[in-house]
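For reference, my_file_26.txt (compact mmCIF, C-alpha atoms):
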```txt
# COMPACT_ATOMS: atom_id res chain seq x y z
CA MET A 952 0.00 0.00 0.00
CA LYS A 953 1.35 3.34 -1.00
CA MET A 954 1.54 5.82 1.85
CA GLU A 955 1.03 9.46 1.03
CA THR A 956 2.49 12.15 3.16
CA PHE A 957 1.03 15.63 3.59
CA LYS A 958 2.87 18.75 4.57
CA ARG A 959 1.15 20.81 7.27
CA ARG A 960 0.95 24.42 6.12
CA GLY A 961 1.26 27.23 8.72
CA PHE A 962 0.10 30.85 8.69
CA THR A 963 2.11 33.34 6.72
CA LEU A 964 3.18 36.64 8.22
CA ILE A 965 0.72 38.51 5.99
CA GLU A 966 -2.17 36.34 7.18
CA LEU A 967 -1.25 36.96 10.82
CA LEU A 968 -1.12 40.70 10.20
CA VAL A 969 -4.54 40.59 8.57
CA VAL A 970 -6.01 38.75 11.57
CA ILE A 971 -4.44 41.24 14.00
CA ALA A 972 -5.78 44.15 11.93
CA ILE A 973 -9.31 42.65 11.99
CA ILE A 974 -9.16 42.16 15.77
CA ALA A 975 -7.93 45.74 16.26
CA LEU A 976 -10.77 47.04 14.07
CA LEU A 977 -13.37 45.08 16.05
CA LEU A 978 -11.96 46.41 19.34
CA ALA A 979 -12.07 49.97 18.00
CA ILE A 980 -15.74 49.46 17.12
CA LEU A 981 -16.66 47.80 20.43
CA MET A 982 -14.73 50.03 22.88
CA PRO A 983 -17.05 53.08 22.67
CA ALA A 984 -20.04 50.81 23.19
CA LEU A 985 -18.37 49.13 26.18
CA GLN A 986 -17.53 52.54 27.68
CA ARG A 987 -21.16 53.61 27.33
CA VAL A 988 -22.33 50.43 29.03
CA LYS A 989 -19.84 51.01 31.86
CA LYS A 990 -21.09 54.58 32.36
CA GLN A 991 -24.70 53.40 32.33
CA ALA A 992 -23.90 50.76 34.93
CA LYS A 993 -22.36 53.39 37.22
CA GLY A 994 -25.47 55.53 36.76
CA VAL A 995 -27.65 52.61 37.82
CA VAL A 996 -25.51 52.08 40.95
CA CYS A 997 -25.78 55.79 41.78
CA LYS A 998 -29.55 55.76 41.41
CA ASN A 999 -29.76 52.63 43.57
CA ASN A 1000 -27.66 54.43 46.21
CA LEU A 1001 -30.21 57.22 46.30
CA LYS A 1002 -33.07 54.72 46.58
CA GLN A 1003 -31.44 53.10 49.59
CA ILE A 1004 -30.77 56.48 51.20
CA GLY A 1005 -34.42 57.32 50.57
CA MET A 1006 -35.51 54.22 52.48
CA GLY A 1007 -33.32 55.28 55.40
CA ALA A 1008 -34.64 58.85 55.24
CA ASN A 1009 -38.20 57.56 55.34
CA LEU A 1010 -37.49 55.45 58.43
CA TYR A 1011 -35.77 58.43 60.07
CA ALA A 1012 -38.81 60.64 59.37
CA LEU A 1013 -41.16 58.05 60.86
CA ASP A 1014 -39.10 58.03 64.07
CA TYR A 1015 -38.84 61.83 64.33
CA ASP A 1016 -42.40 63.06 63.80
CA LEU A 1017 -41.89 63.29 60.02
CA TYR A 1018 -39.01 65.79 60.34
CA ILE A 1019 -35.94 65.40 58.11
CA PRO A 1020 -32.52 67.14 58.21
CA ARG A 1021 -31.64 69.69 55.58
CA SER A 1022 -28.88 72.31 55.79
CA ALA A 1023 -26.14 71.57 58.35
CA ASN A 1024 -24.96 74.51 60.43
CA TRP A 1025 -21.31 73.73 61.23
CA SER A 1026 -20.93 76.55 63.75
CA ALA A 1027 -23.94 75.28 65.70
CA GLY A 1028 -22.61 71.73 65.68
CA ASN A 1029 -25.57 70.31 63.78
CA THR A 1030 -25.14 66.72 62.61
CA PRO A 1031 -25.29 66.38 58.79
CA TRP A 1032 -27.97 64.27 57.12
CA PHE A 1033 -25.70 61.36 56.17
CA GLN A 1034 -24.75 60.76 59.80
CA LEU A 1035 -28.33 61.05 61.03
CA PHE A 1036 -29.51 58.44 58.52
CA MET A 1037 -26.83 55.84 59.34
CA PRO A 1038 -28.83 53.91 61.98
CA PHE A 1039 -31.68 53.51 59.50
CA LEU A 1040 -29.70 52.17 56.53
CA SER A 1041 -29.50 48.54 55.48
CA GLN A 1042 -25.70 48.89 55.21
CA LYS A 1043 -24.33 49.32 58.73
CA PRO A 1044 -21.15 51.40 59.09
CA LYS A 1045 -18.05 50.07 60.82
CA ASN A 1046 -17.14 51.92 64.02
CA ASP A 1047 -20.04 54.31 63.39
CA ASP A 1048 -18.05 56.00 60.60
CA TYR A 1049 -20.10 57.23 57.65
CA ARG A 1050 -17.09 56.82 55.35
CA ASN A 1051 -17.65 53.05 55.45
CA VAL A 1052 -21.12 53.42 53.94
CA GLU A 1053 -20.66 52.87 50.21
CA ILE A 1054 -24.08 54.18 49.21
CA PHE A 1055 -22.98 57.72 50.14
CA ARG A 1056 -20.55 57.65 47.19
CA CYS A 1057 -21.40 57.88 43.52
CA PRO A 1058 -19.11 55.53 41.54
CA SER A 1059 -18.88 58.14 38.77
CA TYR A 1060 -17.47 60.89 41.00
CA PRO A 1061 -13.97 61.61 39.59
CA ASP A 1062 -12.11 62.18 42.86
CA LYS A 1063 -12.31 58.96 44.90
CA GLU A 1064 -11.35 60.82 48.08
CA GLN A 1065 -14.74 62.53 48.08
CA THR A 1066 -16.92 61.03 50.81
CA VAL A 1067 -20.03 63.18 50.25
CA CYS A 1068 -21.15 62.64 46.66
CA TYR A 1069 -24.64 64.08 47.12
CA VAL A 1070 -25.90 67.55 48.03
CA VAL A 1071 -28.98 68.13 50.17
CA ASN A 1072 -31.97 70.45 49.89
CA GLY A 1073 -31.37 73.46 52.14
CA TRP A 1074 -33.62 75.80 50.16
CA PRO A 1075 -34.98 78.57 52.44
CA ASP A 1076 -38.64 78.43 53.37
CA THR A 1077 -38.59 82.22 53.52
CA GLU A 1078 -36.13 84.76 52.15
CA ASN A 1079 -32.66 84.35 53.71
CA ASP A 1080 -33.98 81.69 56.10
CA ARG A 1081 -32.07 78.46 55.46
CA THR A 1082 -33.90 75.63 57.15
CA ARG A 1083 -32.13 73.06 59.35
CA PHE A 1084 -35.06 70.63 59.64
CA SER A 1085 -38.41 70.46 57.89
CA LYS A 1086 -41.50 68.35 58.15
CA VAL A 1087 -42.03 66.15 55.10
CA THR A 1088 -45.76 66.87 55.17
CA ASP A 1089 -45.05 70.60 54.73
CA CYS A 1090 -43.95 69.89 51.17
CA LYS A 1091 -46.86 70.37 48.79
CA GLN A 1092 -45.45 68.23 45.97
CA PRO A 1093 -43.06 65.64 47.43
CA GLY A 1094 -43.05 63.59 44.22
CA SER A 1095 -41.46 66.44 42.27
CA THR A 1096 -39.42 68.18 45.00
CA ILE A 1097 -35.76 67.17 45.12
CA TYR A 1098 -34.11 66.24 48.41
CA LEU A 1099 -30.70 64.95 47.22
CA ALA A 1100 -28.75 65.32 43.97
CA ASP A 1101 -25.32 64.49 42.54
CA ASN A 1102 -22.56 66.70 43.94
CA GLU A 1103 -20.64 68.68 41.29
CA ASP A 1104 -16.90 68.17 40.86
CA GLY A 1105 -14.40 70.90 39.98
CA TRP A 1106 -11.63 73.00 41.43
CA TRP A 1107 -14.14 75.07 43.41
CA ARG A 1108 -15.88 72.08 45.02
CA THR A 1109 -14.53 71.02 48.39
CA ILE A 1110 -13.47 67.42 48.88
CA ILE A 1111 -15.05 66.28 52.14
CA THR A 1112 -12.94 63.68 53.92
CA ASN A 1113 -14.65 63.73 57.34
CA ALA A 1114 -17.83 65.01 58.96
CA ASN A 1115 -15.98 67.55 61.12
CA GLN A 1116 -14.93 69.75 58.21
CA ARG A 1117 -16.39 73.23 58.22
CA ASP A 1118 -16.97 73.00 54.46
CA ILE A 1119 -19.65 70.38 55.02
CA THR A 1120 -22.03 73.35 54.89
CA ARG A 1121 -21.14 73.77 51.21
CA CYS A 1122 -22.90 70.52 50.41
CA ASP A 1123 -26.41 71.99 50.50
CA ILE A 1124 -28.50 73.77 47.88
CA PHE A 1125 -30.16 77.06 48.74
CA GLU A 1126 -29.90 79.47 45.78
CA PRO A 1127 -30.20 79.46 41.95
CA GLU A 1128 -26.41 79.82 41.52
CA HIS A 1129 -26.06 76.27 42.87
CA LEU A 1130 -28.17 74.73 40.09
CA PRO A 1131 -26.56 72.89 37.14
CA SER A 1132 -27.58 75.67 34.75
CA SER A 1133 -25.26 78.09 36.61
CA ASN A 1134 -21.93 78.92 34.99
CA ILE A 1135 -20.47 80.30 38.21
CA GLU A 1136 -17.39 78.48 39.46
CA ALA A 1137 -16.86 79.72 43.01
CA VAL A 1138 -16.38 78.05 46.38
CA SER A 1139 -19.43 79.60 48.06
CA GLY A 1140 -21.71 80.86 45.31
CA GLY A 1141 -20.84 78.50 42.48
CA ARG A 1142 -22.52 75.50 40.90
CA ARG A 1143 -23.01 72.65 43.38
CA ILE A 1144 -25.20 70.22 41.45
CA ALA A 1145 -23.50 68.06 38.83
CA ARG A 1146 -24.14 69.34 35.33
CA ALA A 1147 -23.13 66.19 33.45
CA ARG A 1148 -22.40 63.43 35.95
CA HIS A 1149 -24.73 61.00 34.17
CA ARG A 1150 -25.39 61.76 30.51
CA SER A 1151 -26.34 65.47 30.36
CA GLY A 1152 -27.63 65.79 33.89
CA CYS A 1153 -27.68 64.11 37.29
CA ASN A 1154 -29.48 61.59 39.45
CA VAL A 1155 -31.76 62.88 42.19
CA MET A 1156 -33.88 61.62 45.07
CA TYR A 1157 -37.28 63.19 45.69
CA LEU A 1158 -39.14 63.81 48.92
CA ASP A 1159 -41.43 60.86 48.34
CA TRP A 1160 -38.16 58.86 48.46
CA HIS A 1161 -38.05 57.69 44.84
CA ALA A 1162 -34.94 58.24 42.71
CA GLY A 1163 -34.80 59.56 39.16
CA TYR A 1164 -32.81 61.45 36.55
CA VAL A 1165 -33.05 65.14 35.66
CA ASP A 1166 -31.45 66.79 32.64
CA ALA A 1167 -29.37 69.83 33.61
CA GLU A 1168 -31.41 72.12 31.35
CA ASP A 1169 -34.68 70.96 32.92
CA MET A 1170 -33.80 71.55 36.58
CA THR A 1171 -35.39 74.67 38.10
CA ALA A 1172 -35.41 76.40 41.47
CA GLU A 1173 -39.04 75.35 41.95
CA MET A 1174 -37.90 71.72 42.11
CA TRP A 1175 -36.02 72.55 45.35
CA SER A 1176 -38.61 74.74 47.06
CA PHE A 1177 -41.04 73.28 49.59
```

Spell out the structure here as structure tokens.
Amino acid sequence: MKMETFKRRGFTLIELLVVIAIIALLLAILMPALQRVKKQAKGVVCKNNLKQIGMGANLYALDYDLYIPRSANWSAGNTPWFQLFMPFLSQKPKNDDYRNVEIFRCPSYPDKEQTVCYVVNGWPDTENDRTRFSKVTDCKQPGSTIYLADNEDGWWRTIITNANQRDITRCDIFEPEHLPSSNIEAVSGGRRIARARHRSGCNVMYLDWHAGYVDAEDMTAEMWSF
């Protein structure tokens, strides 16, 4: 019987280069889509954070005659909202330190040292009267009144690393210059709500404790007023 032998043929250099070029092209096409998916996932985590904080805020209100914290007066030693809500959250902090509570941090915030990634409603009930606590039932439209929103990032925004910092008072919203439509970049009177944290706006939590998204151009002062 005659035996036939066959030579095994390998890839040529040109064929390998073609395959590598095809793979590189596919990666170039897929990368933007993967980046968008990653950003969307972070937005979902952020919104879920706000939902969980809302559940804690609701339990706090039920225990304190429907009152909730708003602006924190550092000079008066008032405890900020994120510390007051800690006993009512599903995630319990270690050593009673709010910095161990992951839901207080938006995964999309650029500076990972920031421990307060949300700003609170401190809108005055009357002119020049910034409220420290308010009763939830005093709000006429809780389903459309914002309580928390994404904190803006920028050179003028303070990085809060602990609850004893005086600048904790700059994490509340009480005037139109703080809204995302503001172009003012200043430590005290500049924009405090994220203009483009998620897509072209920010995530928010309303006073009926549901979370949602608001485009920067659509946010108004009325959405913060009781």

| message | From the options A:Lys990, A:Arg1056, A:Arg1148, A:His1161, which residue's atoms come nearest to Ala1008 in chain A, counting only C-alpha atoms? | response |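 Answer, going by the shortest atom-to-atom distance: A:His1161.
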
| query | Which residues come within 9 Å of range 1164-1175 of chain A, counting only C-alpha atoms, excluding same-chain residues fewer than 4 positions away, as a PyMOL selection string? | reply | chain A and resi 998+1072-1074+1095-1098+1124-1127+1130-1132+1144-1147+1149-1156

Would you put the residues from that selection into a file with C-alpha atoms, as a JSON list (two decimals), in the frame of the given file?
```json
[["chain", "number", "residue", "atom", "x", "y", "z"],
["A", 998, "LYS", "CA", -29.55, 55.76, 41.41],
["A", 1072, "ASN", "CA", -31.97, 70.45, 49.89],
["A", 1073, "GLY", "CA", -31.37, 73.46, 52.14],
["A", 1074, "TRP", "CA", -33.62, 75.80, 50.16],
["A", 1095, "SER", "CA", -41.46, 66.44, 42.27],
["A", 1096, "THR", "CA", -39.42, 68.18, 45.00],
["A", 1097, "ILE", "CA", -35.76, 67.17, 45.12],
["A", 1098, "TYR", "CA", -34.11, 66.24, 48.41],
["A", 1124, "ILE", "CA", -28.50, 73.77, 47.88],
["A", 1125, "PHE", "CA", -30.16, 77.06, 48.74],
["A", 1126, "GLU", "CA", -29.90, 79.47, 45.78],
["A", 1127, "PRO", "CA", -30.20, 79.46, 41.95],
["A", 1130, "LEU", "CA", -28.17, 74.73, 40.09],
["A", 1131, "PRO", "CA", -26.56, 72.89, 37.14],
["A", 1132, "SER", "CA", -27.58, 75.67, 34.75],
["A", 1144, "ILE", "CA", -25.20, 70.22, 41.45],
["A", 1145, "ALA", "CA", -23.50, 68.06, 38.83],
["A", 1146, "ARG", "CA", -24.14, 69.34, 35.33],
["A", 1147, "ALA", "CA", -23.13, 66.19, 33.45],
["A", 1149, "HIS", "CA", -24.73, 61.00, 34.17],
["A", 1150, "ARG", "CA", -25.39, 61.76, 30.51],
["A", 1151, "SER", "CA", -26.34, 65.47, 30.36],
["A", 1152, "GLY", "CA", -27.63, 65.79, 33.89],
["A", 1153, "CYS", "CA", -27.68, 64.11, 37.29],
["A", 1154, "ASN", "CA", -29.48, 61.59, 39.45],
["A", 1155, "VAL", "CA", -31.76, 62.88, 42.19],
["A", 1156, "MET", "CA", -33.88, 61.62, 45.07]]
```

| query | Between A:Asp1118, A:Asp1016, A:Asp1062, A:Asp1089, which is the closest to Gly1105 in chain A once you count all atoms listed in the file? | reply |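 Of A:Asp1118, A:Asp1016, A:Asp1062, A:Asp1089, the one nearest Gly1105 in chain A, counting all atoms listed in the file, is A:Asp1062.
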
| task | With a distance cut-off of 8 Å and all atoms listed in the file, select the neighbouring residues of Pro1020 in chain A, excluding the residue or stretch itself and same-chain residues fewer than 4 positions from it, and output the selection as an MDAnalysis selection string. | result | chainID A and resid 1031:1032 1035 1083:1085

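With distances restricted to all atoms listed in the file, A:Tyr1157 is the closest residue to Gly1094 in chain A from A:Arg1021, A:Ala1012, A:Tyr1157, A:Val970.
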
| task | Anything within 8 Å of (-19.5, 71.1, 44.3): list those residues as a ChimeraX atom specification, counting all atoms listed in the file and sticking to the file's coordinates. | result | /A:1102-1105,1107-1109,1121-1122,1138,1141-1145

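Our summary of the geometry notes that CA of Pro1093 in chain A is positioned 19.9 Å from CA of Phe1033 in chain A.
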
| CA of Phe1055 in chain A to CA of Gln1003 in chain A: how many Å, to one decimal? | 9.7 Å

| Of the candidates A:Ser1059, A:Gln1034, A:Asn1134, A:Asn1046, which shows the shortest atom-to-atom distance to Asp1101 in chain A, using only C-alpha atoms? | A:Ser1059

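Among the candidate residues A:Glu1128, A:Asp1048, A:Asp1159, A:Asp1076, the one lying nearest to Ser1176 in chain A is A:Asp1076, with distances computed using all atoms listed in the file.
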
| field | For Ile1054 in chain A, the nearest of the candidates A:Thr1088, A:Gln1116, A:Asn999, A:Leu1010, counting all atoms listed in the file | value | A:Asn999
